[in-house]
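> Starting off with a structure, shown below.
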Amino acid sequence: GFLRLAPTDGSPHNRSMDSIPTDTIVAIATAAGAGGVGMLRLSGPRAARIATALGAPRLRPRHAHYARLRDAEGEVIDDGLVLWFPAPNSFTGEEVVELQGHGSPVVLQQLVARCIALGARQARPGEFSERAFLNGKLDLAQAEAIADLIAAGDQRAARAARRSLDGVFSRRVEAVGEQLVRLRIHVEAAIDFADEPLDTLGGDQVRHGLATARETLDLLRRDAERGRRLRDGLHAVLIGPPNAGKSSLLNALAGSERAIVTDIAGTTRDTLRETIRLDGLELTLIDTAGLRDGGDAIEREGMRRARAEIERTDLALIVLDARDPAAGEAAIGEGILAVPHRLYIHNKSDLLPPDSLPEGAPADRVFVSAATGAGLEALHARLRTIASAGAGDQADGEFSARTRHVDAIERAQDHVLHADAELRHDHLELAAEELRLAHDALGGITGRMSADDLLGKIFSSFCIGK
């Protein structure tokens with residue numbers, strides 16, 4: 001029953017020594033195109049020597065030095081500032097030099113070529129952040145937050161990414177991970193006393209700990225899902241029977257004539273996507289072919305694509321003709337029940353008899369008229385509520401997250417649930433194994449127990465020079 005625990009801090013000794021790079025890399029760190037200022041970044045053991053060979057004066061740590069940067073023949077390529085950050089007090093944890101000059105792409109490429117001639121190599125996409133991870137300066141979730149911060153489309157997304165970069169998400173993951181480790185230690189210790197019933201060895205304490213861990217994981221999953229929506233946006237599919245007004249509603253929400261609208265059933269044959277923003281949250285609307293029996297070959301293919309979108313959507317906007325909603329719901333079928341969120345939109349409410357609109361409609365139903373605009377504000381409000389998942393005033397507590405993070409938390413939840421079931425049958429070895437798997441699943445979020453192929457997938461999405 002002896003348990004060996006690997007260190008869980010982010011220091012370099014947790015990484016394989018073979019994975020710690022020893023060469024020097026260089027890349028342009030400013031955006032593509034011309035600009036007033038351009039910056040090169042060097043990282044590695046030869047960074048300062050390369051800067052000196054370029055023409056930099058004697059460097060002092062974290063001081064800006066003016067320099068005329070020269071080619072191999074001594075001709076000036078550019079002039080600007082040189083900053084030196086000795087290891088380990090740099091972004092990557094290695095020796096880092098930043099060259100700040102004029103933002104001409106031609107000049108910057110000349111400087112990159114000169115640095116390569118002096119012993120550096122061109123950095124891969126995301127390699128600076130990857131080295132920061134390998135040297136224990138960042139965990140994986142923080143490294144991914146850098147890319148999220150760069151790509152943030154508004155203040156709310158930027159604030160959430162900043163919080164993840166500051167370690168808010170990572171600390172919560174690590175806290176529940178520590179809970180699981182403590183529980184596993186307790187169970188492993190109990191294995192050595194197999195002749196004793198678990199209740200005499202603190203079984204109640206373990207069960208209470210598992211219940212607490214389940215609650216903590218559930219809250220973490222909900223918050224991570226909200227962070228995922230904030231980063232990736234919410235995908236919503238407009239579905240319903242033909243002529244319910246799906247395309248008209250798409251046009252009304254988008255504020256433009258994006259979809260063709262006619263009175264002919266089956267006009268929409270393919271999916272059409274439009275993106276709108278609701279209080280900083282991105283909502284991708286997908287208009288689909290009307291669901292019904294029959295139709296020609298092209299319309300049937302459109303309906304097949306519509307059902308495929310339903311299987312992977314976050315939100316189904318079920319558009320019904322307000323004059324006969326029951327018929328529309330019957331045409332859609334039960335496949336819609338698997339969608340996480342559903343909102344029934346009774347369109348064409350302007351065609352209902354006066355005073356026939358119900359008062360106090362259920363939360364999952366909204367009465368609108370795409371033709372007149374009636375009820376669209378209420379629809380927007382309901383979409384904002386769904387998209388933010390009830391965040392309300394806690395927007396300042398949001399952090400950015402990704403689909404892989406949510407998946408990892410859900411796997412951890414499954415393993416904790418299985419551990420609880422094994423404990424009920426006094427299967428201590430199996431319970432301990434489930435707790436180990438739960439901890440490993442969470443470790444994949446921060447990279448404490450991450451495989452090299454996972455690193456490659458994550459960092460390959462970064463831009464060069466970051």
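Scheme for the structure tokens: letters A, B, ... for chains in order shown; per-chain residue numbers from 1; ligand numbers from 1 in order shown.
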Could you name the residues that touch stretch 218-232 of chain A at 10 Å or less, counting only C-alpha atoms, but leaving out those on the same chain fewer than 6 positions away, as an MDAnalysis selection string?

chainID A and resid 148:149 151:153 156:158 160:161 164 169 172:173 176 212 280:284 314 386:391 397:410 413

> Need the shell around A:Leu108: protein/DNA/RNA residues with any atom at most 8 Å away, counting only C-alpha atoms. Skip same-chain ones fewer than 6 positions apart. Format as a PyMOL selection string?

chain A and resi 28+38-40+102

> Store the residues of this selection in a file with all heavy atoms, as a PDB file, in the first residue's frame.


ATOM      1  N   ILE A  28      10.517  37.327 -34.655  1.00  0.00           N
ATOM      2  CA  ILE A  28       9.890  38.638 -34.590  1.00  0.00           C
ATOM      3  C   ILE A  28       8.714  38.537 -33.630  1.00  0.00           C
ATOM      4  O   ILE A  28       7.869  37.658 -33.772  1.00  0.00           O
ATOM      5  CB  ILE A  28       9.422  39.088 -35.982  1.00  0.00           C
ATOM      6  CG1 ILE A  28      10.612  39.183 -36.939  1.00  0.00           C
ATOM      7  CG2 ILE A  28       8.689  40.429 -35.896  1.00  0.00           C
ATOM      8  CD1 ILE A  28      10.215  39.405 -38.385  1.00  0.00           C
ATOM      9  N   GLY A  38       9.325  47.737 -34.191  1.00  0.00           N
ATOM     10  CA  GLY A  38       9.356  46.291 -34.355  1.00  0.00           C
ATOM     11  C   GLY A  38      10.270  45.680 -33.319  1.00  0.00           C
ATOM     12  O   GLY A  38      11.258  46.295 -32.902  1.00  0.00           O
ATOM     13  N   MET A  39       9.970  44.479 -32.876  1.00  0.00           N
ATOM     14  CA  MET A  39      10.765  43.849 -31.819  1.00  0.00           C
ATOM     15  C   MET A  39      11.129  42.431 -32.181  1.00  0.00           C
ATOM     16  O   MET A  39      10.313  41.675 -32.697  1.00  0.00           O
ATOM     17  CB  MET A  39       9.996  43.864 -30.494  1.00  0.00           C
ATOM     18  CG  MET A  39      10.811  43.362 -29.312  1.00  0.00           C
ATOM     19  SD  MET A  39       9.939  43.516 -27.737  1.00  0.00           S
ATOM     20  CE  MET A  39       8.838  42.106 -27.855  1.00  0.00           C
ATOM     21  N   LEU A  40      12.395  42.097 -31.904  1.00  0.00           N
ATOM     22  CA  LEU A  40      12.888  40.736 -32.003  1.00  0.00           C
ATOM     23  C   LEU A  40      13.110  40.200 -30.593  1.00  0.00           C
ATOM     24  O   LEU A  40      13.471  40.954 -29.683  1.00  0.00           O
ATOM     25  CB  LEU A  40      14.232  40.686 -32.746  1.00  0.00           C
ATOM     26  CG  LEU A  40      14.233  40.152 -34.173  1.00  0.00           C
ATOM     27  CD1 LEU A  40      13.445  41.110 -35.065  1.00  0.00           C
ATOM     28  CD2 LEU A  40      15.654  40.029 -34.674  1.00  0.00           C
ATOM     29  N   HIS A 102      13.007  49.746 -35.647  1.00  0.00           N
ATOM     30  CA  HIS A 102      11.939  50.234 -36.490  1.00  0.00           C
ATOM     31  C   HIS A 102      11.138  49.056 -37.053  1.00  0.00           C
ATOM     32  O   HIS A 102      11.674  47.974 -37.253  1.00  0.00           O
ATOM     33  CB  HIS A 102      12.512  51.089 -37.621  1.00  0.00           C
ATOM     34  CG  HIS A 102      13.219  52.309 -37.118  1.00  0.00           C
ATOM     35  ND1 HIS A 102      14.571  52.320 -36.839  1.00  0.00           N
ATOM     36  CD2 HIS A 102      12.752  53.544 -36.809  1.00  0.00           C
ATOM     37  CE1 HIS A 102      14.915  53.516 -36.389  1.00  0.00           C
ATOM     38  NE2 HIS A 102      13.832  54.279 -36.363  1.00  0.00           N
TER      39      HIS A 102
END

> If you run DSSP on the backbone, which residues of stretch 33-192 of chain A are alpha helix (DSSP H), as a ChimeraX atom specification?

/A:47-54,105-117,127-134,140-151,155-165,168-191

> Which polymer residues have any atom within 8 Å of an atom of stretch 354-368 of chain A, counting only C-alpha atoms, with same-chain residues fewer than 5 positions away left out, as a PDB file with N, CA, C and O atoms, in the first residue's frame?


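The result, written out as selection_36.pdb:
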ATOM      1  N   ALA A 322     -46.265  30.457 -34.142  1.00  0.00           N
ATOM      2  CA  ALA A 322     -47.041  30.702 -32.922  1.00  0.00           C
ATOM      3  C   ALA A 322     -48.500  30.289 -33.075  1.00  0.00           C
ATOM      4  O   ALA A 322     -49.179  30.037 -32.067  1.00  0.00           O
ATOM      5  N   ARG A 342     -32.218  24.422 -24.589  1.00  0.00           N
ATOM      6  CA  ARG A 342     -33.264  24.544 -25.611  1.00  0.00           C
ATOM      7  C   ARG A 342     -34.111  25.766 -25.314  1.00  0.00           C
ATOM      8  O   ARG A 342     -34.488  26.009 -24.151  1.00  0.00           O
ATOM      9  N   LEU A 343     -34.400  26.532 -26.336  1.00  0.00           N
ATOM     10  CA  LEU A 343     -35.264  27.702 -26.195  1.00  0.00           C
ATOM     11  C   LEU A 343     -36.296  27.657 -27.321  1.00  0.00           C
ATOM     12  O   LEU A 343     -35.939  27.631 -28.502  1.00  0.00           O
ATOM     13  N   TYR A 344     -37.567  27.618 -26.956  1.00  0.00           N
ATOM     14  CA  TYR A 344     -38.655  27.547 -27.937  1.00  0.00           C
ATOM     15  C   TYR A 344     -39.090  28.972 -28.278  1.00  0.00           C
ATOM     16  O   TYR A 344     -39.485  29.741 -27.390  1.00  0.00           O
ATOM     17  N   ILE A 345     -38.996  29.308 -29.548  1.00  0.00           N
ATOM     18  CA  ILE A 345     -39.325  30.658 -30.006  1.00  0.00           C
ATOM     19  C   ILE A 345     -40.605  30.577 -30.831  1.00  0.00           C
ATOM     20  O   ILE A 345     -40.630  29.988 -31.917  1.00  0.00           O
ATOM     21  N   HIS A 346     -41.657  31.161 -30.301  1.00  0.00           N
ATOM     22  CA  HIS A 346     -42.942  31.194 -31.011  1.00  0.00           C
ATOM     23  C   HIS A 346     -42.942  32.431 -31.911  1.00  0.00           C
ATOM     24  O   HIS A 346     -43.233  33.545 -31.462  1.00  0.00           O
ATOM     25  N   ASN A 347     -42.574  32.208 -33.165  1.00  0.00           N
ATOM     26  CA  ASN A 347     -42.476  33.304 -34.128  1.00  0.00           C
ATOM     27  C   ASN A 347     -43.856  33.602 -34.734  1.00  0.00           C
ATOM     28  O   ASN A 347     -44.806  32.853 -34.555  1.00  0.00           O
ATOM     29  N   LYS A 348     -43.938  34.746 -35.425  1.00  0.00           N
ATOM     30  CA  LYS A 348     -45.182  35.208 -36.068  1.00  0.00           C
ATOM     31  C   LYS A 348     -46.275  35.491 -35.032  1.00  0.00           C
ATOM     32  O   LYS A 348     -47.477  35.314 -35.303  1.00  0.00           O
ATOM     33  N   SER A 349     -45.852  35.914 -33.846  1.00  0.00           N
ATOM     34  CA  SER A 349     -46.843  36.209 -32.797  1.00  0.00           C
ATOM     35  C   SER A 349     -47.728  37.394 -33.175  1.00  0.00           C
ATOM     36  O   SER A 349     -48.803  37.562 -32.598  1.00  0.00           O
ATOM     37  N   GLY A 373     -40.444  42.883 -35.216  1.00  0.00           N
ATOM     38  CA  GLY A 373     -39.447  43.127 -34.167  1.00  0.00           C
ATOM     39  C   GLY A 373     -39.985  42.972 -32.764  1.00  0.00           C
ATOM     40  O   GLY A 373     -39.232  43.097 -31.790  1.00  0.00           O
ATOM     41  N   ALA A 374     -41.266  42.675 -32.626  1.00  0.00           N
ATOM     42  CA  ALA A 374     -41.853  42.515 -31.295  1.00  0.00           C
ATOM     43  C   ALA A 374     -41.224  41.312 -30.594  1.00  0.00           C
ATOM     44  O   ALA A 374     -41.069  40.243 -31.184  1.00  0.00           O
ATOM     45  N   GLY A 375     -40.849  41.486 -29.338  1.00  0.00           N
ATOM     46  CA  GLY A 375     -40.306  40.405 -28.529  1.00  0.00           C
ATOM     47  C   GLY A 375     -38.832  40.126 -28.728  1.00  0.00           C
ATOM     48  O   GLY A 375     -38.261  39.283 -28.020  1.00  0.00           O
ATOM     49  N   LEU A 376     -38.177  40.826 -29.672  1.00  0.00           N
ATOM     50  CA  LEU A 376     -36.766  40.538 -29.925  1.00  0.00           C
ATOM     51  C   LEU A 376     -35.885  40.939 -28.746  1.00  0.00           C
ATOM     52  O   LEU A 376     -34.878  40.287 -28.463  1.00  0.00           O
ATOM     53  N   ALA A 378     -36.724  40.787 -25.596  1.00  0.00           N
ATOM     54  CA  ALA A 378     -36.854  39.709 -24.607  1.00  0.00           C
ATOM     55  C   ALA A 378     -36.035  38.494 -25.034  1.00  0.00           C
ATOM     56  O   ALA A 378     -35.434  37.802 -24.188  1.00  0.00           O
ATOM     57  N   LEU A 379     -35.984  38.225 -26.342  1.00  0.00           N
ATOM     58  CA  LEU A 379     -35.183  37.114 -26.846  1.00  0.00           C
ATOM     59  C   LEU A 379     -33.697  37.373 -26.596  1.00  0.00           C
ATOM     60  O   LEU A 379     -32.962  36.478 -26.160  1.00  0.00           O
TER      61      LEU A 379
END

> I need the residues in stretch 84-147 of chain A that are strand (DSSP E or B) according to DSSP; give them as an mmCIF file with all heavy atoms, in the first residue's frame.


data_model
loop_
_atom_site.group_PDB
_atom_site.id
_atom_site.type_symbol
_atom_site.label_atom_id
_atom_site.label_comp_id
_atom_site.auth_asym_id
_atom_site.auth_seq_id
_atom_site.Cartn_x
_atom_site.Cartn_y
_atom_site.Cartn_z
ATOM 1 N N TRP A 84 18.305 43.196 -21.812
ATOM 2 C CA TRP A 84 18.793 41.865 -21.457
ATOM 3 C C TRP A 84 18.148 41.416 -20.148
ATOM 4 O O TRP A 84 18.150 42.159 -19.157
ATOM 5 C CB TRP A 84 20.307 41.912 -21.305
ATOM 6 C CG TRP A 84 20.937 40.629 -20.832
ATOM 7 C CD1 TRP A 84 20.667 39.383 -21.268
ATOM 8 C CD2 TRP A 84 21.953 40.511 -19.827
ATOM 9 N NE1 TRP A 84 21.448 38.464 -20.612
ATOM 10 C CE2 TRP A 84 22.253 39.128 -19.717
ATOM 11 C CE3 TRP A 84 22.646 41.423 -19.036
ATOM 12 C CZ2 TRP A 84 23.210 38.637 -18.829
ATOM 13 C CZ3 TRP A 84 23.606 40.939 -18.162
ATOM 14 C CH2 TRP A 84 23.874 39.571 -18.054
ATOM 15 N N PHE A 85 17.587 40.202 -20.171
ATOM 16 C CA PHE A 85 16.973 39.615 -18.984
ATOM 17 C C PHE A 85 17.700 38.301 -18.681
ATOM 18 O O PHE A 85 17.452 37.294 -19.340
ATOM 19 C CB PHE A 85 15.483 39.348 -19.217
ATOM 20 C CG PHE A 85 14.706 40.574 -19.610
ATOM 21 C CD1 PHE A 85 14.547 40.909 -20.957
ATOM 22 C CD2 PHE A 85 14.144 41.401 -18.657
ATOM 23 C CE1 PHE A 85 13.839 42.039 -21.334
ATOM 24 C CE2 PHE A 85 13.420 42.535 -19.027
ATOM 25 C CZ PHE A 85 13.276 42.857 -20.357
ATOM 26 N N VAL A 96 17.215 35.996 -21.982
ATOM 27 C CA VAL A 96 16.370 36.599 -23.018
ATOM 28 C C VAL A 96 16.899 37.979 -23.367
ATOM 29 O O VAL A 96 17.276 38.759 -22.486
ATOM 30 C CB VAL A 96 14.900 36.702 -22.553
ATOM 31 C CG1 VAL A 96 14.074 37.548 -23.527
ATOM 32 C CG2 VAL A 96 14.279 35.323 -22.414
ATOM 33 N N VAL A 97 16.933 38.267 -24.670
ATOM 34 C CA VAL A 97 17.284 39.601 -25.164
ATOM 35 C C VAL A 97 16.167 40.073 -26.081
ATOM 36 O O VAL A 97 15.681 39.305 -26.924
ATOM 37 C CB VAL A 97 18.625 39.597 -25.927
ATOM 38 C CG1 VAL A 97 18.837 40.920 -26.662
ATOM 39 C CG2 VAL A 97 19.778 39.356 -24.965
ATOM 40 N N GLU A 98 15.751 41.320 -25.905
ATOM 41 C CA GLU A 98 14.775 41.925 -26.796
ATOM 42 C C GLU A 98 15.441 43.061 -27.555
ATOM 43 O O GLU A 98 16.078 43.936 -26.957
ATOM 44 C CB GLU A 98 13.569 42.440 -26.010
ATOM 45 C CG GLU A 98 12.727 41.311 -25.421
ATOM 46 C CD GLU A 98 11.490 41.815 -24.699
ATOM 47 O OE1 GLU A 98 11.346 43.056 -24.580
ATOM 48 O OE2 GLU A 98 10.688 40.972 -24.244
ATOM 49 N N LEU A 99 15.306 43.053 -28.866
ATOM 50 C CA LEU A 99 15.837 44.095 -29.750
ATOM 51 C C LEU A 99 14.660 44.908 -30.262
ATOM 52 O O LEU A 99 13.790 44.375 -30.952
ATOM 53 C CB LEU A 99 16.600 43.481 -30.918
ATOM 54 C CG LEU A 99 17.705 42.468 -30.576
ATOM 55 C CD1 LEU A 99 18.293 41.869 -31.849
ATOM 56 C CD2 LEU A 99 18.800 43.125 -29.746
ATOM 57 N N GLN A 100 14.617 46.187 -29.931
ATOM 58 C CA GLN A 100 13.513 47.049 -30.331
ATOM 59 C C GLN A 100 14.019 48.073 -31.332
ATOM 60 O O GLN A 100 14.853 48.928 -30.994
ATOM 61 C CB GLN A 100 12.915 47.748 -29.109
ATOM 62 C CG GLN A 100 12.367 46.781 -28.071
ATOM 63 C CD GLN A 100 11.809 47.483 -26.855
ATOM 64 O OE1 GLN A 100 11.696 48.703 -26.833
ATOM 65 N NE2 GLN A 100 11.468 46.711 -25.836
ATOM 66 N N GLY A 101 13.544 47.959 -32.553
ATOM 67 C CA GLY A 101 13.966 48.878 -33.597
ATOM 68 C C GLY A 101 12.781 49.398 -34.381
ATOM 69 O O GLY A 101 11.659 49.470 -33.869
ATOM 70 N N HIS A 102 13.007 49.746 -35.647
ATOM 71 C CA HIS A 102 11.939 50.234 -36.490
ATOM 72 C C HIS A 102 11.138 49.056 -37.053
ATOM 73 O O HIS A 102 11.674 47.974 -37.253
ATOM 74 C CB HIS A 102 12.512 51.089 -37.621
ATOM 75 C CG HIS A 102 13.219 52.309 -37.118
ATOM 76 N ND1 HIS A 102 14.571 52.320 -36.839
ATOM 77 C CD2 HIS A 102 12.752 53.544 -36.809
ATOM 78 C CE1 HIS A 102 14.915 53.516 -36.389
ATOM 79 N NE2 HIS A 102 13.832 54.279 -36.363
ATOM 80 N N GLY A 103 9.855 49.303 -37.297
ATOM 81 C CA GLY A 103 8.947 48.211 -37.647
ATOM 82 C C GLY A 103 8.877 47.886 -39.112
ATOM 83 O O GLY A 103 7.804 47.540 -39.612
ATOM 84 N N ARG A 121 18.488 29.988 -33.996
ATOM 85 C CA ARG A 121 17.636 29.362 -35.016
ATOM 86 C C ARG A 121 16.248 29.981 -34.919
ATOM 87 O O ARG A 121 15.865 30.530 -33.881
ATOM 88 C CB ARG A 121 17.560 27.844 -34.851
ATOM 89 C CG ARG A 121 16.852 27.370 -33.611
ATOM 90 C CD ARG A 121 16.524 25.876 -33.698
ATOM 91 N NE ARG A 121 15.958 25.357 -32.459
ATOM 92 C CZ ARG A 121 14.681 25.512 -32.101
ATOM 93 N NH1 ARG A 121 13.834 26.164 -32.886
ATOM 94 N NH2 ARG A 121 14.236 25.021 -30.954
ATOM 95 N N GLN A 122 15.492 29.891 -36.020
ATOM 96 C CA GLN A 122 14.141 30.430 -36.056
ATOM 97 C C GLN A 122 13.249 29.678 -35.072
ATOM 98 O O GLN A 122 13.221 28.440 -35.059
ATOM 99 C CB GLN A 122 13.565 30.314 -37.465
ATOM 100 C CG GLN A 122 12.124 30.765 -37.613
ATOM 101 C CD GLN A 122 11.968 32.264 -37.462
ATOM 102 O OE1 GLN A 122 12.633 33.036 -38.146
ATOM 103 N NE2 GLN A 122 11.106 32.682 -36.554
#

> Please provide as a PyMOL selection string all residues within 10 Å of stretch 54-60 of chain A, with the sequence filter that same-chain residues fewer than 2 positions apart are discarded (counting only C-alpha atoms).

chain A and resi 48-52+62-72+74+76-77+79-86+97+99+111+114-115+118

> Considering only C-alpha atoms, can you say which of A:Leu165, A:Ala117, A:Ala211, A:Leu428 comes closest to A:Leu140?

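Closest residue, counting only C-alpha atoms: A:Leu165.
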
> At a cut-off of 9 Å, using only C-alpha atoms, what residues contact A:Asp23? Leave out same-chain residues fewer than 5 positions from it and give the result as number ranges by chain.

A: 43-46, 119-121

> Residues of the last selection are to be written out with N, CA, C and O atoms, as a CSV table (one decimal), in the first residue's frame.


chain,number,residue,atom,x,y,z
A,43,SER,N,16.0,33.9,-27.1
A,43,SER,CA,15.9,33.2,-25.8
A,43,SER,C,16.9,32.0,-25.9
A,43,SER,O,16.8,31.2,-26.9
A,44,GLY,N,17.8,31.9,-24.9
A,44,GLY,CA,18.7,30.7,-24.9
A,44,GLY,C,20.0,31.2,-24.4
A,44,GLY,O,20.3,32.4,-24.2
A,45,PRO,N,21.0,30.3,-24.2
A,45,PRO,CA,22.3,30.6,-23.6
A,45,PRO,C,23.1,31.5,-24.4
A,45,PRO,O,24.0,32.2,-23.9
A,46,ARG,N,22.9,31.7,-25.7
A,46,ARG,CA,23.8,32.5,-26.6
A,46,ARG,C,23.1,33.9,-26.8
A,46,ARG,O,23.6,34.7,-27.6
A,119,GLY,N,24.3,32.1,-34.7
A,119,GLY,CA,24.1,30.9,-33.9
A,119,GLY,C,22.7,30.6,-33.4
A,119,GLY,O,22.5,29.6,-32.7
A,120,ALA,N,21.8,31.5,-33.6
A,120,ALA,CA,20.4,31.2,-33.2
A,120,ALA,C,19.7,30.4,-34.3
A,120,ALA,O,20.2,30.2,-35.4
A,121,ARG,N,18.5,30.0,-34.0
A,121,ARG,CA,17.6,29.4,-35.0
A,121,ARG,C,16.2,30.0,-34.9
A,121,ARG,O,15.9,30.5,-33.9

> Ranking A:Leu285, A:Leu238, A:Ala32, A:Ser90 by minimum distance to A:Gly136 and counting only C-alpha atoms, which one comes first?

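Counting only C-alpha atoms, the residue closest to A:Gly136 is A:Ser90.
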
> Between A:Ile276, A:Gly240, A:Asp287, A:Gln109, single out the one closest to A:Ala326, counting only C-alpha atoms.

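Closest candidate: A:Gly240.
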
> Can you tell me how far atom CA of A:Leu383 sits from atom CA of A:Leu249, in Å to one decimal?

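Atom CA of A:Leu249 lies at a distance of 13.5 Å from atom CA of A:Leu383.
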
> Name the closest residue to A:Glu95 among the candidates A:Thr22, A:Gln155, A:Thr313, A:Thr372; distances are taken between atoms, counting only C-alpha atoms.

A:Thr22

> Considering only C-alpha atoms, state which residue in the set A:Leu210, A:Ile286, A:Val112, A:Leu442 is at the smallest distance from A:Asn251.

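Closest to A:Asn251, using only C-alpha atoms: A:Ile286.
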
> Can you work out which one of A:Ile318, A:Ala27, A:Leu253, A:Ala419 has the shortest atom-to-atom distance to A:Pro241, counting only C-alpha atoms?

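Of all the options, A:Ile318 lies closest to A:Pro241.
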